[in-house]
Amino acid sequence: AGAAAALGALRADPGLRVALLDRADFPRDKACGDAVAPHALDLLAQVGVTGLVHDRTPVGRIRLGRGGLTAERRTARPAWVVPRRILDARLVDAAVAAGAHLLRHRVRELRQHTGAVVLDGEVSAAAVVGADGAHSAVRRSLGLPRGPMALALRGYAPVAPGRRGVQVIEFGTRHQPAYAWSFDRGDGLANVGYGEALGTGRTAPPRARLLERLEALLPGAAEGGRQWVGHHLPLSTARWRPPAGPVLLAGDAAGLVNPLTGEGI
């Protein structure tokens with residue numbers, strides 16, 4: 001989300017001075033389903049970024065299931081399953097190529113002054129876009145409440161028979177909303193996982209329980225799996241609106257994850 005904001009700003013005004021602050025180096029992993037809808041590529045093309053997934057395999061079918069009922073069809077346009085370790089690094093490279101300056105810095109505090117926003121007493125800007133994730137320090141500095149959350153577990157496993165070339169989503173019937181997924185990367189591996197909304201006062205299930213629920217919904221999907229990573233997903237609601245001013249929120253920091261599909265990109 002931060003790289004996309006930088007690309008959009010520089011496309012609107014190439015004369016802007018844009019800094020990308022990140023606490024970690026790239027490439028790096030991020031827990032995600034890795035599925036990129038074609039609409040996201042349309043938006044990137046509008047800011048001059050093309051060919052981002054040229055070496056990846058498109059996925060042209062989707063299968064939805066729930067309680068024994070299944071619907072499958074070819075999509076109007078294919079999606080792309082790109083590990084975030086690859087996608088995010090390419091987006092950052094594109095932003096830097098467009099003129100953004102990449103700085104290694106972990107933002108912990110934000111203060112607003114007349115005509116400037118100051119981060120950690122070190123970095124001053126006319127405007128700041130907080131794209132610092134589900135536990136955003138920028139959002140916390142603004143005193144904004146956190147909305148509803150979901151919890152998901154993601155891994156990479158060999159594509160199970162019958163799930164090649166398909167985005168598979170199997171909705172749960174017990175925990176609502178919840179689903180397991182298997183998204184074929186096109187290289188013999190699939191991004192597989194399970195996620196569910198966290199109810200108020202309900203303890204987050206441990207990794208073993210999440211894996212059990214994944215296996216129950218998609219038998220065999222996790223076999224041979226590795227690189228298991230859990231992550232909180234801040235869900236969007238119709239009740240919250242960001243305040244006006246020189247500080248904006250984007251991506252997970254803004255709580256923009258679709259509460260039905262889990263999509264955040």
# chains A, B, ... in the order shown; residues from 1 in each chain; ligands from 1
$ residues_around --residues "range 206-221 of chain A" --least-positions-apart "6" --cutoff "7 Å" --atoms "only C-alpha atoms" --output "list in words"
Leu153, Ala160, Glu170, Gly172, Ala180, Ser182, Val192, Gly193 and Tyr194 of chain A
$ select_by_dssp --residues "range 31-256 of chain A" --states "strand (DSSP E)" --output "ChimeraX atom specification"
/A:35-36,58-66,69-81,101-104,110-113,116-119,123-125,128-130,149-158,166-171,178-184,189-197,226-234,247-249
$ select_by_dssp --residues "range 56-207 of chain A" --states "alpha helix (DSSP H)" --output "PDB file with N, CA, C and O atoms, in the first residue's frame"
ATOM      1  N   ARG A  84       4.260 -12.588  -1.787  1.00  0.00           N
ATOM      2  CA  ARG A  84       4.503 -11.190  -1.433  1.00  0.00           C
ATOM      3  C   ARG A  84       5.993 -10.868  -1.344  1.00  0.00           C
ATOM      4  O   ARG A  84       6.398  -9.715  -1.487  1.00  0.00           O
ATOM      5  N   ARG A  85       6.808 -11.875  -1.092  1.00  0.00           N
ATOM      6  CA  ARG A  85       8.257 -11.660  -1.099  1.00  0.00           C
ATOM      7  C   ARG A  85       8.716 -11.123  -2.461  1.00  0.00           C
ATOM      8  O   ARG A  85       9.641 -10.315  -2.554  1.00  0.00           O
ATOM      9  N   ILE A  86       8.029 -11.578  -3.521  1.00  0.00           N
ATOM     10  CA  ILE A  86       8.343 -11.126  -4.877  1.00  0.00           C
ATOM     11  C   ILE A  86       7.577  -9.849  -5.213  1.00  0.00           C
ATOM     12  O   ILE A  86       8.152  -8.855  -5.670  1.00  0.00           O
ATOM     13  N   LEU A  87       6.266  -9.864  -4.988  1.00  0.00           N
ATOM     14  CA  LEU A  87       5.415  -8.741  -5.382  1.00  0.00           C
ATOM     15  C   LEU A  87       5.818  -7.441  -4.695  1.00  0.00           C
ATOM     16  O   LEU A  87       5.974  -6.396  -5.346  1.00  0.00           O
ATOM     17  N   ASP A  88       5.996  -7.486  -3.380  1.00  0.00           N
ATOM     18  CA  ASP A  88       6.298  -6.253  -2.644  1.00  0.00           C
ATOM     19  C   ASP A  88       7.635  -5.669  -3.073  1.00  0.00           C
ATOM     20  O   ASP A  88       7.775  -4.450  -3.216  1.00  0.00           O
ATOM     21  N   ALA A  89       8.635  -6.526  -3.275  1.00  0.00           N
ATOM     22  CA  ALA A  89       9.946  -6.037  -3.693  1.00  0.00           C
ATOM     23  C   ALA A  89       9.867  -5.376  -5.058  1.00  0.00           C
ATOM     24  O   ALA A  89      10.505  -4.329  -5.299  1.00  0.00           O
ATOM     25  N   ARG A  90       9.077  -5.938  -5.952  1.00  0.00           N
ATOM     26  CA  ARG A  90       8.936  -5.343  -7.283  1.00  0.00           C
ATOM     27  C   ARG A  90       8.203  -4.003  -7.220  1.00  0.00           C
ATOM     28  O   ARG A  90       8.534  -3.070  -7.960  1.00  0.00           O
ATOM     29  N   LEU A  91       7.211  -3.911  -6.352  1.00  0.00           N
ATOM     30  CA  LEU A  91       6.507  -2.636  -6.195  1.00  0.00           C
ATOM     31  C   LEU A  91       7.437  -1.567  -5.628  1.00  0.00           C
ATOM     32  O   LEU A  91       7.417  -0.413  -6.074  1.00  0.00           O
ATOM     33  N   VAL A  92       8.240  -1.929  -4.651  1.00  0.00           N
ATOM     34  CA  VAL A  92       9.194  -0.978  -4.076  1.00  0.00           C
ATOM     35  C   VAL A  92      10.207  -0.547  -5.133  1.00  0.00           C
ATOM     36  O   VAL A  92      10.524   0.642  -5.261  1.00  0.00           O
ATOM     37  N   ASP A  93      10.713  -1.502  -5.918  1.00  0.00           N
ATOM     38  CA  ASP A  93      11.658  -1.160  -6.983  1.00  0.00           C
ATOM     39  C   ASP A  93      11.021  -0.201  -7.989  1.00  0.00           C
ATOM     40  O   ASP A  93      11.680   0.741  -8.465  1.00  0.00           O
ATOM     41  N   ALA A  94       9.747  -0.423  -8.310  1.00  0.00           N
ATOM     42  CA  ALA A  94       9.055   0.453  -9.249  1.00  0.00           C
ATOM     43  C   ALA A  94       8.901   1.861  -8.674  1.00  0.00           C
ATOM     44  O   ALA A  94       9.055   2.855  -9.388  1.00  0.00           O
ATOM     45  N   ALA A  95       8.602   1.947  -7.368  1.00  0.00           N
ATOM     46  CA  ALA A  95       8.459   3.254  -6.735  1.00  0.00           C
ATOM     47  C   ALA A  95       9.790   4.000  -6.710  1.00  0.00           C
ATOM     48  O   ALA A  95       9.844   5.214  -6.964  1.00  0.00           O
ATOM     49  N   VAL A  96      10.863   3.280  -6.418  1.00  0.00           N
ATOM     50  CA  VAL A  96      12.186   3.905  -6.419  1.00  0.00           C
ATOM     51  C   VAL A  96      12.554   4.355  -7.827  1.00  0.00           C
ATOM     52  O   VAL A  96      13.097   5.459  -8.024  1.00  0.00           O
ATOM     53  N   ALA A  97      12.254   3.535  -8.837  1.00  0.00           N
ATOM     54  CA  ALA A  97      12.534   3.908 -10.217  1.00  0.00           C
ATOM     55  C   ALA A  97      11.745   5.145 -10.635  1.00  0.00           C
ATOM     56  O   ALA A  97      12.192   5.944 -11.470  1.00  0.00           O
ATOM     57  N   ALA A  98      10.570   5.340 -10.024  1.00  0.00           N
ATOM     58  CA  ALA A  98       9.742   6.511 -10.334  1.00  0.00           C
ATOM     59  C   ALA A  98      10.222   7.766  -9.620  1.00  0.00           C
ATOM     60  O   ALA A  98       9.740   8.868  -9.906  1.00  0.00           O
ATOM     61  N   ALA A 137       1.359   1.974  13.824  1.00  0.00           N
ATOM     62  CA  ALA A 137       1.766   3.001  14.791  1.00  0.00           C
ATOM     63  C   ALA A 137       1.187   4.354  14.412  1.00  0.00           C
ATOM     64  O   ALA A 137       0.888   5.178  15.284  1.00  0.00           O
ATOM     65  N   VAL A 138       1.015   4.592  13.109  1.00  0.00           N
ATOM     66  CA  VAL A 138       0.433   5.860  12.663  1.00  0.00           C
ATOM     67  C   VAL A 138      -1.019   5.950  13.118  1.00  0.00           C
ATOM     68  O   VAL A 138      -1.457   6.982  13.641  1.00  0.00           O
ATOM     69  N   ARG A 139      -1.769   4.898  12.918  1.00  0.00           N
ATOM     70  CA  ARG A 139      -3.169   4.895  13.362  1.00  0.00           C
ATOM     71  C   ARG A 139      -3.255   5.093  14.873  1.00  0.00           C
ATOM     72  O   ARG A 139      -4.098   5.854  15.365  1.00  0.00           O
ATOM     73  N   ARG A 140      -2.389   4.433  15.604  1.00  0.00           N
ATOM     74  CA  ARG A 140      -2.385   4.556  17.058  1.00  0.00           C
ATOM     75  C   ARG A 140      -2.041   5.990  17.478  1.00  0.00           C
ATOM     76  O   ARG A 140      -2.629   6.533  18.415  1.00  0.00           O
ATOM     77  N   SER A 141      -1.101   6.634  16.777  1.00  0.00           N
ATOM     78  CA  SER A 141      -0.727   8.010  17.098  1.00  0.00           C
ATOM     79  C   SER A 141      -1.871   8.983  16.862  1.00  0.00           C
ATOM     80  O   SER A 141      -1.971  10.019  17.516  1.00  0.00           O
ATOM     81  N   ARG A 207      -2.122 -22.131  16.475  1.00  0.00           N
ATOM     82  CA  ARG A 207      -1.768 -22.600  15.134  1.00  0.00           C
ATOM     83  C   ARG A 207      -2.279 -24.012  14.872  1.00  0.00           C
ATOM     84  O   ARG A 207      -2.799 -24.296  13.781  1.00  0.00           O
TER      85      ARG A 207
END
$ closest_residue --among "A:Gly230, A:Pro27, A:Gly186, A:Gly121" --to "Val81 in chain A" --atoms "only C-alpha atoms"
A:Gly186
$ residues_around --residues "range 109-117 of chain A" --least-positions-apart "4" --cutoff "6 Å" --atoms "only C-alpha atoms" --output "mmCIF file with C-alpha atoms, in the first residue's frame"
data_model
loop_
_atom_site.group_PDB
_atom_site.id
_atom_site.type_symbol
_atom_site.label_atom_id
_atom_site.label_comp_id
_atom_site.auth_asym_id
_atom_site.auth_seq_id
_atom_site.Cartn_x
_atom_site.Cartn_y
_atom_site.Cartn_z
ATOM 1 C CA SER A 124 9.376 15.956 8.608
ATOM 2 C CA ALA A 125 6.831 15.968 5.778
ATOM 3 C CA ALA A 126 3.922 18.037 4.526
ATOM 4 C CA SER A 141 -0.727 8.010 17.098
#
$ atom_distance --atom1 "CA of Leu151 in chain A" --atom2 "CA of Arg28 in chain A"
20.4 Å
$ closest_atom_pairs --of "range 43-160 of chain A" --to "range 5-25 of chain A" --cutoff "8 Å" --atoms "only C-alpha atoms" --output "tab-separated table"
residue	atom	partner	partner_atom	distance
A:Val47	CA	A:Arg11	CA	5.7
A:Gly48	CA	A:Arg11	CA	7.8
A:Ala94	CA	A:Leu7	CA	7.7
A:Ala95	CA	A:Leu7	CA	5.4
A:Ala98	CA	A:Leu7	CA	6.9
A:Gly99	CA	A:Leu10	CA	7.3
A:Ala100	CA	A:Val18	CA	5.0
A:His101	CA	A:Ala19	CA	4.7
A:Leu102	CA	A:Leu20	CA	4.7
A:Leu103	CA	A:Leu21	CA	4.9
A:Arg104	CA	A:Asp22	CA	5.2
A:His105	CA	A:Arg23	CA	4.8
A:Arg106	CA	A:Arg23	CA	4.2
A:Val107	CA	A:Arg23	CA	7.4
A:Val129	CA	A:Ala5	CA	7.5
$ decode --residues "range 5-23 of chain A" --atoms "N, CA, C and O atoms" --output "compact mmCIF listing (two decimals), in the first residue's frame"
# COMPACT_ATOMS: atom_id res chain seq x y z
N ALA A 5 0.99 4.07 -2.94
CA ALA A 5 0.75 5.48 -2.65
C ALA A 5 1.87 6.34 -3.23
O ALA A 5 1.62 7.42 -3.79
N ALA A 6 3.11 5.88 -3.09
CA ALA A 6 4.25 6.61 -3.65
C ALA A 6 4.15 6.70 -5.17
O ALA A 6 4.37 7.76 -5.77
N LEU A 7 3.79 5.59 -5.81
CA LEU A 7 3.64 5.58 -7.27
C LEU A 7 2.54 6.53 -7.72
O LEU A 7 2.70 7.26 -8.70
N GLY A 8 1.41 6.51 -6.99
CA GLY A 8 0.30 7.39 -7.35
C GLY A 8 0.66 8.86 -7.19
O GLY A 8 0.33 9.69 -8.03
N ALA A 9 1.34 9.19 -6.10
CA ALA A 9 1.72 10.58 -5.85
C ALA A 9 2.68 11.09 -6.91
O ALA A 9 2.54 12.20 -7.44
N LEU A 10 3.68 10.28 -7.26
CA LEU A 10 4.68 10.71 -8.25
C LEU A 10 4.09 10.76 -9.65
O LEU A 10 4.54 11.55 -10.49
N ARG A 11 3.08 9.94 -9.92
CA ARG A 11 2.40 10.02 -11.22
C ARG A 11 1.61 11.31 -11.31
O ARG A 11 1.57 11.97 -12.36
N ALA A 12 0.97 11.70 -10.21
CA ALA A 12 0.18 12.93 -10.19
C ALA A 12 1.07 14.17 -10.27
O ALA A 12 0.72 15.15 -10.92
N ASP A 13 2.23 14.13 -9.62
CA ASP A 13 3.15 15.26 -9.62
C ASP A 13 4.58 14.75 -9.52
O ASP A 13 5.08 14.48 -8.42
N PRO A 14 5.26 14.56 -10.66
CA PRO A 14 6.63 14.04 -10.64
C PRO A 14 7.62 14.91 -9.87
O PRO A 14 8.71 14.45 -9.52
N GLY A 15 7.23 16.14 -9.56
CA GLY A 15 8.12 17.04 -8.83
C GLY A 15 8.08 16.86 -7.33
O GLY A 15 8.86 17.49 -6.61
N LEU A 16 7.18 16.00 -6.83
CA LEU A 16 7.09 15.79 -5.40
C LEU A 16 8.34 15.09 -4.86
O LEU A 16 8.97 14.30 -5.55
N ARG A 17 8.67 15.39 -3.62
CA ARG A 17 9.73 14.65 -2.91
C ARG A 17 9.03 13.59 -2.06
O ARG A 17 8.32 13.92 -1.11
N VAL A 18 9.23 12.33 -2.42
CA VAL A 18 8.52 11.23 -1.77
C VAL A 18 9.53 10.30 -1.12
O VAL A 18 10.47 9.83 -1.78
N ALA A 19 9.33 10.03 0.16
CA ALA A 19 10.17 9.07 0.87
C ALA A 19 9.33 7.86 1.25
O ALA A 19 8.19 7.99 1.70
N LEU A 20 9.92 6.67 1.06
CA LEU A 20 9.31 5.42 1.51
C LEU A 20 10.07 4.97 2.74
O LEU A 20 11.26 4.64 2.65
N LEU A 21 9.40 4.95 3.88
CA LEU A 21 10.03 4.51 5.12
C LEU A 21 9.56 3.10 5.44
O LEU A 21 8.35 2.83 5.45
N ASP A 22 10.48 2.19 5.68
CA ASP A 22 10.11 0.83 6.03
C ASP A 22 11.06 0.30 7.09
O ASP A 22 12.25 0.59 7.06
N ARG A 23 10.51 -0.49 8.00
CA ARG A 23 11.31 -1.00 9.11
C ARG A 23 12.20 -2.17 8.71
O ARG A 23 13.09 -2.57 9.46
